[in-house]
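Content type CSV, C-alpha atoms, from the file protein-v3.csv:
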chain,number,residue,atom,x,y,z
A,1292,MET,CA,84.7,53.3,125.5
A,1293,THR,CA,86.5,55.2,122.7
A,1294,ASN,CA,86.3,53.5,119.3
A,1295,ILE,CA,89.3,52.9,117.1
A,1296,ALA,CA,88.4,55.6,114.6
A,1297,SER,CA,88.5,58.4,117.3
A,1298,LYS,CA,91.7,57.0,118.7
A,1299,ASN,CA,93.3,57.2,115.3
A,1300,ARG,CA,92.1,60.7,114.9
A,1301,GLU,CA,93.7,61.7,118.3
A,1302,LEU,CA,97.0,60.1,117.2
A,1303,LEU,CA,96.9,62.0,113.9
A,1304,SER,CA,96.1,65.3,115.7
A,1305,ILE,CA,99.2,64.7,117.9
A,1306,PHE,CA,101.2,64.0,114.8
A,1307,TYR,CA,99.9,67.1,113.2
A,1308,ILE,CA,100.6,69.4,116.2
A,1309,PHE,CA,104.2,68.3,116.4
A,1310,LEU,CA,104.7,68.3,112.6
A,1311,LYS,CA,103.4,71.9,112.4
A,1312,ILE,CA,105.6,73.1,115.3
A,1313,SER,CA,108.7,71.4,114.0
A,1314,GLY,CA,108.1,72.5,110.4
A,1315,LEU,CA,107.6,76.2,111.3
A,1316,THR,CA,110.2,76.8,114.1
A,1317,LEU,CA,113.4,77.9,112.4
A,1318,GLY,CA,116.1,78.4,114.9
A,1319,GLY,CA,116.8,75.0,116.3
A,1320,GLY,CA,115.4,72.8,119.1
A,1321,TYR,CA,115.2,75.5,121.9
A,1322,ALA,CA,112.9,77.6,119.8
A,1323,MET,CA,110.5,74.7,119.7
A,1324,ILE,CA,110.0,74.5,123.4
A,1325,PRO,CA,107.8,77.5,124.0
A,1326,ALA,CA,105.9,76.7,120.7
A,1327,ILE,CA,105.1,73.2,122.0
A,1328,GLU,CA,104.3,74.6,125.5
A,1329,ARG,CA,101.8,77.2,124.1
A,1330,ASN,CA,100.1,74.8,121.7
A,1331,LEU,CA,99.5,72.0,124.3
A,1332,ILE,CA,98.6,74.3,127.2
A,1333,ASN,CA,96.2,76.4,125.1
A,1334,LYS,CA,94.5,73.2,123.9
A,1335,LYS,CA,94.4,72.2,127.6
A,1336,LEU,CA,96.2,68.9,126.9
A,1337,ILE,CA,98.7,69.4,129.7
A,1338,THR,CA,99.3,71.7,132.7
A,1339,GLU,CA,102.2,74.1,132.9
A,1340,LYS,CA,103.7,72.2,135.9
A,1341,GLU,CA,103.5,68.9,134.0
A,1342,PHE,CA,105.1,70.4,131.0
A,1343,PHE,CA,108.1,71.8,132.8
A,1344,ASN,CA,108.6,68.6,134.8
A,1345,LEU,CA,108.8,66.7,131.5
A,1346,LEU,CA,111.1,69.3,130.1
A,1347,SER,CA,113.5,68.7,133.0
A,1348,ILE,CA,113.5,65.0,132.3
A,1349,ALA,CA,114.0,65.6,128.5
A,1350,GLN,CA,117.0,67.8,129.3
A,1351,SER,CA,118.7,65.2,131.5
A,1352,MET,CA,118.8,62.6,128.7
A,1353,PRO,CA,121.2,62.7,125.8
A,1354,GLY,CA,119.9,63.7,122.3
A,1355,PRO,CA,118.1,66.7,120.8
A,1356,ILE,CA,115.8,68.2,123.5
A,1357,ALA,CA,112.8,68.7,121.2
A,1358,PHE,CA,112.9,65.1,120.1
A,1359,ASN,CA,113.2,63.8,123.7
A,1360,LEU,CA,110.4,66.1,124.8
A,1361,SER,CA,108.1,64.9,122.0
A,1362,ILE,CA,108.5,61.3,123.1
A,1363,LEU,CA,107.7,62.1,126.7
A,1364,LEU,CA,104.7,64.4,125.8
A,1365,GLY,CA,103.4,61.9,123.2
A,1366,ARG,CA,103.5,59.1,125.7
A,1367,LYS,CA,101.9,61.2,128.4
A,1368,LEU,CA,99.0,62.1,126.0
A,1369,ARG,CA,98.4,58.8,124.3
A,1370,GLY,CA,100.8,56.2,125.5
A,1371,PHE,CA,103.3,54.3,123.3
A,1372,TRP,CA,101.8,55.2,119.9
A,1373,GLY,CA,101.4,58.8,121.0
A,1374,ALA,CA,105.2,58.8,121.5
A,1375,VAL,CA,105.8,57.3,118.1
A,1376,PHE,CA,103.5,59.7,116.3
A,1377,ALA,CA,104.8,62.8,118.2
A,1378,SER,CA,108.5,62.0,117.5
A,1379,PHE,CA,107.9,61.3,113.8
A,1380,GLY,CA,106.1,64.6,113.6
A,1381,VAL,CA,109.2,66.3,115.0
A,1382,ILE,CA,111.7,64.5,112.7
A,1383,ILE,CA,110.0,64.6,109.3
A,1384,PRO,CA,110.2,68.4,108.6
A,1385,PRO,CA,113.9,68.7,109.4
A,1386,PHE,CA,114.7,65.5,107.5
A,1387,PHE,CA,113.0,66.4,104.3
A,1388,GLY,CA,113.9,70.1,104.7
A,1389,ILE,CA,117.6,69.4,104.7
A,1390,ILE,CA,117.4,67.0,101.8
A,1391,ILE,CA,115.7,69.7,99.7
A,1392,VAL,CA,118.1,72.4,100.8
A,1393,ALA,CA,121.2,70.1,100.4
A,1394,SER,CA,120.5,70.1,96.6
A,1395,LEU,CA,120.0,73.9,96.5
A,1396,ILE,CA,122.6,75.1,99.0
A,1397,GLN,CA,124.7,77.1,96.5
A,1398,VAL,CA,121.7,79.2,95.6
A,1399,ASN,CA,120.7,79.9,99.2
A,1400,SER,CA,123.8,80.5,101.2
A,1401,GLY,CA,124.9,83.6,99.2
A,1402,SER,CA,121.6,85.5,99.4
A,1403,VAL,CA,121.6,88.7,101.5
A,1404,TYR,CA,117.8,88.3,102.2
A,1405,VAL,CA,118.3,84.8,103.6
A,1406,ALA,CA,121.1,86.0,105.9
A,1407,LYS,CA,118.9,88.9,107.1
A,1408,PHE,CA,115.9,86.6,107.6
A,1409,LEU,CA,118.0,84.1,109.6
A,1410,ASN,CA,119.4,87.0,111.7
A,1411,GLY,CA,115.8,87.9,112.6
A,1412,CYS,CA,114.9,84.3,113.5
A,1413,TYR,CA,118.1,84.2,115.6
A,1414,ILE,CA,117.0,87.2,117.6
A,1415,ALA,CA,113.6,85.7,118.1
A,1416,THR,CA,115.2,82.5,119.3
A,1417,VAL,CA,117.1,84.4,122.0
A,1418,GLY,CA,113.8,86.0,123.1
A,1419,LEU,CA,112.1,82.6,123.2
A,1420,THR,CA,115.0,81.1,125.2
A,1421,SER,CA,114.8,83.9,127.8
A,1422,TYR,CA,111.1,83.0,128.1
A,1423,VAL,CA,111.9,79.3,128.7
A,1424,LEU,CA,114.4,80.4,131.4
A,1425,TYR,CA,111.8,82.6,133.1
A,1426,LYS,CA,109.2,79.8,133.2
A,1427,MET,CA,111.8,77.3,134.3
A,1428,MET,CA,112.9,79.5,137.2
A,1429,LYS,CA,109.3,80.1,138.2
A,1430,ASN,CA,108.5,76.4,138.4
A,1431,ILE,CA,111.4,75.6,140.8
A,1432,ASN,CA,110.7,75.1,144.5
A,1433,TYR,CA,113.5,77.1,146.1
A,1434,ASN,CA,115.5,76.1,149.2
A,1435,LYS,CA,118.5,77.8,150.9
A,1436,ILE,CA,121.1,76.3,148.5
A,1437,THR,CA,119.1,76.6,145.2
A,1438,MET,CA,120.4,80.0,144.2
A,1439,PRO,CA,124.1,79.4,145.2
A,1440,LEU,CA,124.0,76.1,143.3
A,1441,PHE,CA,122.5,77.9,140.3
A,1442,LEU,CA,125.2,80.6,140.2
A,1443,PHE,CA,127.9,78.1,140.8
A,1444,GLY,CA,126.7,75.9,137.9
A,1445,VAL,CA,126.3,78.8,135.5
A,1446,LEU,CA,129.8,80.1,136.3
A,1447,PHE,CA,131.5,76.7,135.9
A,1448,ILE,CA,129.7,75.9,132.6
A,1449,ILE,CA,130.5,79.3,131.1
A,1450,LEU,CA,134.2,78.9,132.1
A,1451,ASN,CA,134.5,75.4,130.7
A,1452,LYS,CA,131.8,73.9,128.4
A,1453,ASN,CA,133.4,70.5,128.5
A,1454,LEU,CA,132.3,70.2,132.1
A,1455,THR,CA,128.6,70.8,131.3
A,1456,PHE,CA,127.3,67.3,132.0
A,1457,PHE,CA,129.3,66.8,135.1
A,1458,VAL,CA,128.2,70.1,136.6
A,1459,PHE,CA,124.6,69.3,135.7
A,1460,LEU,CA,124.9,65.9,137.5
A,1461,PHE,CA,126.6,67.4,140.5
A,1462,LEU,CA,123.9,70.1,140.9
A,1463,VAL,CA,121.1,67.6,140.6
A,1464,LEU,CA,122.6,65.2,143.1
A,1465,ILE,CA,123.5,67.8,145.7
A,1466,ASN,CA,120.1,69.5,145.5
A,1467,TYR,CA,118.3,66.1,145.7
A,1468,PHE,CA,120.1,64.9,148.8
A,1469,TYR,CA,119.8,68.3,150.4
A,1470,GLU,CA,116.0,68.3,150.0
A,1471,LYS,CA,115.6,64.7,151.0
A,1472,ARG,CA,117.7,65.2,154.1
A,1473,GLY,CA,115.5,68.2,155.0
A,1474,ILE,CA,112.6,65.8,155.3
A,1475,ASP,CA,114.4,63.1,157.3
A,1476,CYS,CA,115.4,65.5,160.0
B,845,MET,CA,129.7,53.8,106.1
B,846,LEU,CA,129.8,51.9,109.4
B,847,ASN,CA,132.3,54.4,110.7
B,848,VAL,CA,130.0,57.3,110.0
B,849,LEU,CA,127.1,55.5,111.6
B,850,PHE,CA,129.2,54.8,114.6
B,851,ILE,CA,130.2,58.4,114.9
B,852,PHE,CA,126.6,59.5,114.9
B,853,LEU,CA,125.7,56.8,117.4
B,854,TYR,CA,128.5,58.2,119.6
B,855,ILE,CA,127.4,61.8,119.2
B,856,GLY,CA,123.8,60.8,120.0
B,857,SER,CA,124.8,59.1,123.2
B,858,ILE,CA,127.0,61.9,124.6
B,859,SER,CA,125.0,65.0,123.4
B,860,PHE,CA,123.8,66.3,126.7
B,861,GLY,CA,122.7,69.8,127.0
B,862,GLY,CA,121.5,70.1,123.4
B,863,GLY,CA,121.7,72.7,120.7
B,864,TRP,CA,125.0,74.5,120.1
B,865,ALA,CA,127.1,72.3,122.4
B,866,VAL,CA,126.3,69.4,120.1
B,867,VAL,CA,127.1,71.5,117.0
B,868,GLY,CA,130.6,72.1,118.3
B,869,LEU,CA,131.1,68.4,119.0
B,870,ILE,CA,129.9,67.4,115.5
B,871,LYS,CA,132.3,70.1,114.0
B,872,ASP,CA,135.3,68.8,115.8
B,873,ILE,CA,134.7,65.1,115.0
B,874,MET,CA,133.6,65.6,111.4
B,875,ILE,CA,136.6,67.9,110.5
B,876,SER,CA,139.2,65.9,112.4
B,877,GLN,CA,138.1,62.7,110.7
B,878,ASN,CA,138.1,64.4,107.3
B,879,TYR,CA,134.4,63.9,106.5
B,880,LEU,CA,133.9,67.6,106.1
B,881,THR,CA,136.1,70.7,105.4
B,882,PHE,CA,135.5,73.8,107.4
B,883,THR,CA,133.9,75.5,104.5
B,884,GLU,CA,131.5,72.6,104.0
B,885,PHE,CA,130.7,72.7,107.7
B,886,LYS,CA,129.7,76.4,107.4
B,887,GLU,CA,127.5,75.6,104.5
B,888,ILE,CA,125.8,72.8,106.4
B,889,LEU,CA,125.3,75.2,109.3
B,890,THR,CA,123.5,77.7,107.0
B,891,ALA,CA,121.4,74.8,105.6
B,892,ALA,CA,120.6,73.7,109.1
B,893,GLN,CA,119.5,77.2,110.0
B,894,ILE,CA,117.2,77.7,107.1
B,895,THR,CA,115.5,74.3,107.7
B,896,PRO,CA,113.4,73.7,110.7
B,897,GLY,CA,114.2,71.4,113.6
B,898,PRO,CA,117.1,70.4,115.9
B,899,ILE,CA,120.4,71.4,114.4
B,900,ALA,CA,122.1,68.0,115.3
B,901,VAL,CA,119.4,66.2,113.3
B,902,ASN,CA,120.0,68.6,110.4
B,903,MET,CA,123.7,67.9,110.5
B,904,ALA,CA,123.3,64.1,110.6
B,905,THR,CA,120.8,64.1,107.7
B,906,TYR,CA,123.1,66.3,105.6
B,907,VAL,CA,126.2,64.2,106.1
B,908,GLY,CA,124.4,61.0,105.4
B,909,TYR,CA,122.8,62.4,102.3
B,910,LYS,CA,126.0,63.8,101.0
B,911,TYR,CA,128.0,60.6,101.2
B,912,TYR,CA,125.4,57.8,100.8
B,913,GLY,CA,122.3,59.4,99.3
B,914,PHE,CA,118.7,59.1,100.6
B,915,ILE,CA,119.2,55.8,102.4
B,916,GLY,CA,122.4,57.2,104.0
B,917,ALA,CA,120.4,60.2,105.3
B,918,ILE,CA,117.8,57.9,106.9
B,919,LEU,CA,120.5,55.8,108.5
B,920,THR,CA,122.6,58.6,110.0
B,921,THR,CA,119.5,60.4,111.3
B,922,PHE,CA,118.3,57.1,112.8
B,923,PHE,CA,121.7,56.3,114.4
B,924,LEU,CA,121.9,59.8,115.9
B,925,LEU,CA,118.4,59.3,117.5
B,926,LEU,CA,118.9,55.7,118.6
B,927,PRO,CA,120.7,56.4,121.9
B,928,PRO,CA,118.0,58.8,123.1
B,929,ILE,CA,115.3,56.4,122.0
B,930,ILE,CA,116.9,53.5,123.9
B,931,ILE,CA,117.7,55.6,127.0
B,932,MET,CA,114.2,57.2,127.1
B,933,SER,CA,112.5,53.9,126.7
B,934,SER,CA,114.5,52.3,129.5
B,935,TYR,CA,113.8,55.3,131.6
B,936,LEU,CA,110.0,55.0,130.9
B,937,ILE,CA,110.1,51.3,131.6
B,938,LEU,CA,112.2,51.4,134.7
B,939,LYS,CA,110.6,54.6,136.1
B,940,LYS,CA,108.3,52.6,138.4
B,941,SER,CA,111.0,50.5,140.0
B,942,ILE,CA,113.4,53.3,140.7
B,943,LYS,CA,113.1,54.3,144.4
B,944,LEU,CA,113.6,58.0,144.4
B,945,LYS,CA,111.6,60.7,146.2
B,946,LYS,CA,110.2,61.8,142.9
B,947,LYS,CA,109.1,65.3,143.9
B,948,TYR,CA,112.6,66.2,145.0
B,949,PHE,CA,114.3,64.5,142.1
B,950,ILE,CA,112.2,66.4,139.5
B,951,ASN,CA,112.8,69.6,141.4
B,952,SER,CA,116.6,69.0,141.3
B,953,LEU,CA,116.4,68.2,137.6
B,954,ALA,CA,114.5,71.5,137.1
B,955,LEU,CA,117.4,73.3,138.8
B,956,GLY,CA,120.0,71.6,136.6
B,957,THR,CA,117.9,72.4,133.5
B,958,ALA,CA,117.5,76.0,134.5
B,959,VAL,CA,121.3,76.3,134.6
B,960,LEU,CA,121.6,74.7,131.2
B,961,VAL,CA,119.0,77.0,129.7
B,962,PHE,CA,120.8,80.0,131.3
B,963,THR,CA,124.1,79.0,129.7
B,964,THR,CA,122.4,78.4,126.3
B,965,LEU,CA,120.9,81.8,126.6
B,966,TYR,CA,124.3,83.2,127.5
B,967,SER,CA,126.0,81.6,124.5
B,968,LEU,CA,123.2,82.8,122.1
B,969,GLY,CA,122.7,86.3,123.4
B,970,ALA,CA,125.8,87.5,125.2
B,971,GLN,CA,127.1,88.9,121.8
B,972,PHE,CA,124.2,91.4,121.7
B,973,ILE,CA,125.3,92.9,125.1
B,974,ILE,CA,129.0,92.8,124.3
B,975,ASN,CA,128.5,94.5,120.9
B,976,PHE,CA,125.9,96.8,122.5
B,977,ASP,CA,123.4,95.9,119.8
B,978,ILE,CA,120.5,98.1,121.0
B,979,LYS,CA,118.0,97.0,118.2
B,980,ALA,CA,118.5,93.3,119.0
B,981,ILE,CA,118.3,93.8,122.8
B,982,ILE,CA,115.0,95.8,122.5
B,983,LEU,CA,113.5,93.1,120.2
B,984,VAL,CA,114.6,90.3,122.6
B,985,LEU,CA,113.0,92.2,125.5
B,986,ALA,CA,109.8,92.9,123.5
B,987,ILE,CA,109.4,89.2,122.6
B,988,PHE,CA,110.0,88.2,126.2
B,989,ILE,CA,107.3,90.5,127.5
B,990,LEU,CA,104.8,89.7,124.7
B,991,LEU,CA,105.3,85.9,125.4
B,992,ILE,CA,104.6,86.5,129.1
B,993,LYS,CA,101.7,88.9,128.7
B,994,THR,CA,99.9,87.4,125.7
B,995,ARG,CA,99.0,84.0,124.3
B,996,ILE,CA,100.5,84.6,120.8
B,997,ASP,CA,101.9,81.4,119.2
B,998,PRO,CA,105.8,81.7,119.5
B,999,ILE,CA,106.1,80.5,115.8
B,1000,PHE,CA,104.6,83.8,114.8
B,1001,PHE,CA,107.6,85.7,116.4
B,1002,ILE,CA,110.2,83.6,114.6
B,1003,ILE,CA,108.7,84.0,111.2
B,1004,GLY,CA,107.6,87.6,111.9
B,1005,LEU,CA,111.0,88.7,113.1
B,1006,GLY,CA,112.7,87.1,110.2
B,1007,LEU,CA,110.5,89.2,107.8
B,1008,ILE,CA,111.0,92.4,109.9
B,1009,ALA,CA,114.8,91.8,109.8
B,1010,ILE,CA,114.7,91.8,105.9
B,1011,LEU,CA,113.1,95.3,106.0
B,1012,VAL,CA,114.8,96.9,109.0
B,1013,PHE,CA,118.4,95.6,109.2
As structure tokens - that is how I would like this structure written.
Amino acid sequence: MTNIASKNRELLSIFYIFLKISGLTLGGGYAMIPAIERNLINKKLITEKEFFNLLSIAQSMPGPIAFNLSILLGRKLRGFWGAVFASFGVIIPPFFGIIIVASLIQVNSGSVYVAKFLNGCYIATVGLTSYVLYKMMKNINYNKITMPLFLFGVLFIILNKNLTFFVFLFLVLINYFYEKRGIDC
Amino acid sequence: MLNVLFIFLYIGSISFGGGWAVVGLIKDIMISQNYLTFTEFKEILTAAQITPGPIAVNMATYVGYKYYGFIGAILTTFFLLLPPIIIMSSYLILKKSIKLKKKYFINSLALGTAVLVFTTLYSLGAQFIINFDIKAIILVLAIFILLIKTRIDPIFFIIGLGLIAILVF
């Protein structure tokens, strides 16, 4: 039996992990994904397979992906309160960050150094996103139609961004029924 | 006030795919409804980039703060996140009663997600290839390889590359 004090400590450490990641990853939600993955997997709190399954679920819901992911991971680690603490950890740094910056924006937006620094962060974000793509592709079980569906989806979304969600839904359903049918036969 | 909250509730419930897709949506709605000018929008984008966290959250907080102060910031942020909170909770509650072959469903979601990650990568990085920006391409590849081969915390790359960019670019 775990006592209440150690349970509270675990919740606080979940809060702290997500607070730290959210507070230090400039470059938006996508940059946070590999940071969360590394921190949780290195601490052996979750396996790679579990992480990418939850990422797929987080992506299929509306809302910022890092926020959705924090709810799913928090819940997986420590139930309802885990989800609450993890999602607050993700939201607090951007919330107070923007309020501080909103009062100083004139000072910051003109600076050459800030622009250069952001440009570097942006390049890093592209690198991190390509890593997420690599891991995602590695964790898919491939069948005959997986790659054709992938190429079809990429092409359609690049041609028309408004179709994004419908293409996503279409791919998921086609692949699901294809794989299910394979078993029934 | 209610109108702004409704707008963010709406954005929160249709923002699939995350990131920059949502930024475009917020821009269109905020500018067409005269809550922001284009110049203001660009300022917020800068603010959103120099602060951590999801850009959609940054935008909601900023607009709320600008028009209605601290309480407004809390409310707009909360309303943006309300739809995902409701949908995620109902998913987690209903999960057990939905009859799907879970293994195949998760794998199909993974395929859809890989497509979305690819298109995000394309919209973020295609400009490096089009402009033939060798320095950026090499840095992206270097980070990619280092992430696969080592266990370095990705946060290090973000802050580190920002500092390198001040010196090199």
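The spacing separating CA of Phe914 in chain B from CA of Leu1315 in chain A amounts to 23.0 Å.
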Inset, instruction - Find the residues in chain B near chain A: any atom within 7 Å counts, using all atoms listed in the file. Write them as a ChimeraX atom specification. - result: /B:856-863,887,890-900,902,905-906,925,928,948-959,961-963,965,968-969,980,984-985,987-988,997-999,1001-1003,1005-1007,1009-1010
Legend entry - Nearest-residue call for Leu1450 in chain A, choices B:Tyr966, B:Phe885, B:Tyr912, B:Phe922, using only C-alpha atoms: B:Tyr966
Legend entry - Exercise: Phe1379 in chain A partners within 9 Å, all atoms listed in the file, chain neighbours under 4 positions left out, as JSON, numbers by chain: {"A": [1306, 1309, 1310, 1358, 1361, 1374, 1375, 1383]}
Inset, instruction - Could you check how far CA of Thr920 in chain B sits from CA of Leu853 in chain B, in Å to one decimal? - result: 8.2 Å
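Near range 869-882 of chain B, within 9 Å and counting all atoms listed in the file, sit B:Val848, B:Ile851, B:Phe852, B:Ile855, B:Ser859, B:Trp864, B:Ala865, B:Lys886, B:Glu887, B:Ala900, B:Met903, B:Ala904, B:Val907, B:Tyr911; same-chain residues fewer than 4 positions away were not included.
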Legend entry - Separation of CA of Ala1296 in chain A from CA of Gly1365 in chain A, in Å and rounded to one decimal: 18.4 Å
Legend entry - Residue among A:Lys1334, A:Arg1369, A:Lys1340, A:Lys1435 lying closest to Leu1303 in chain A, counting all atoms listed in the file: A:Arg1369
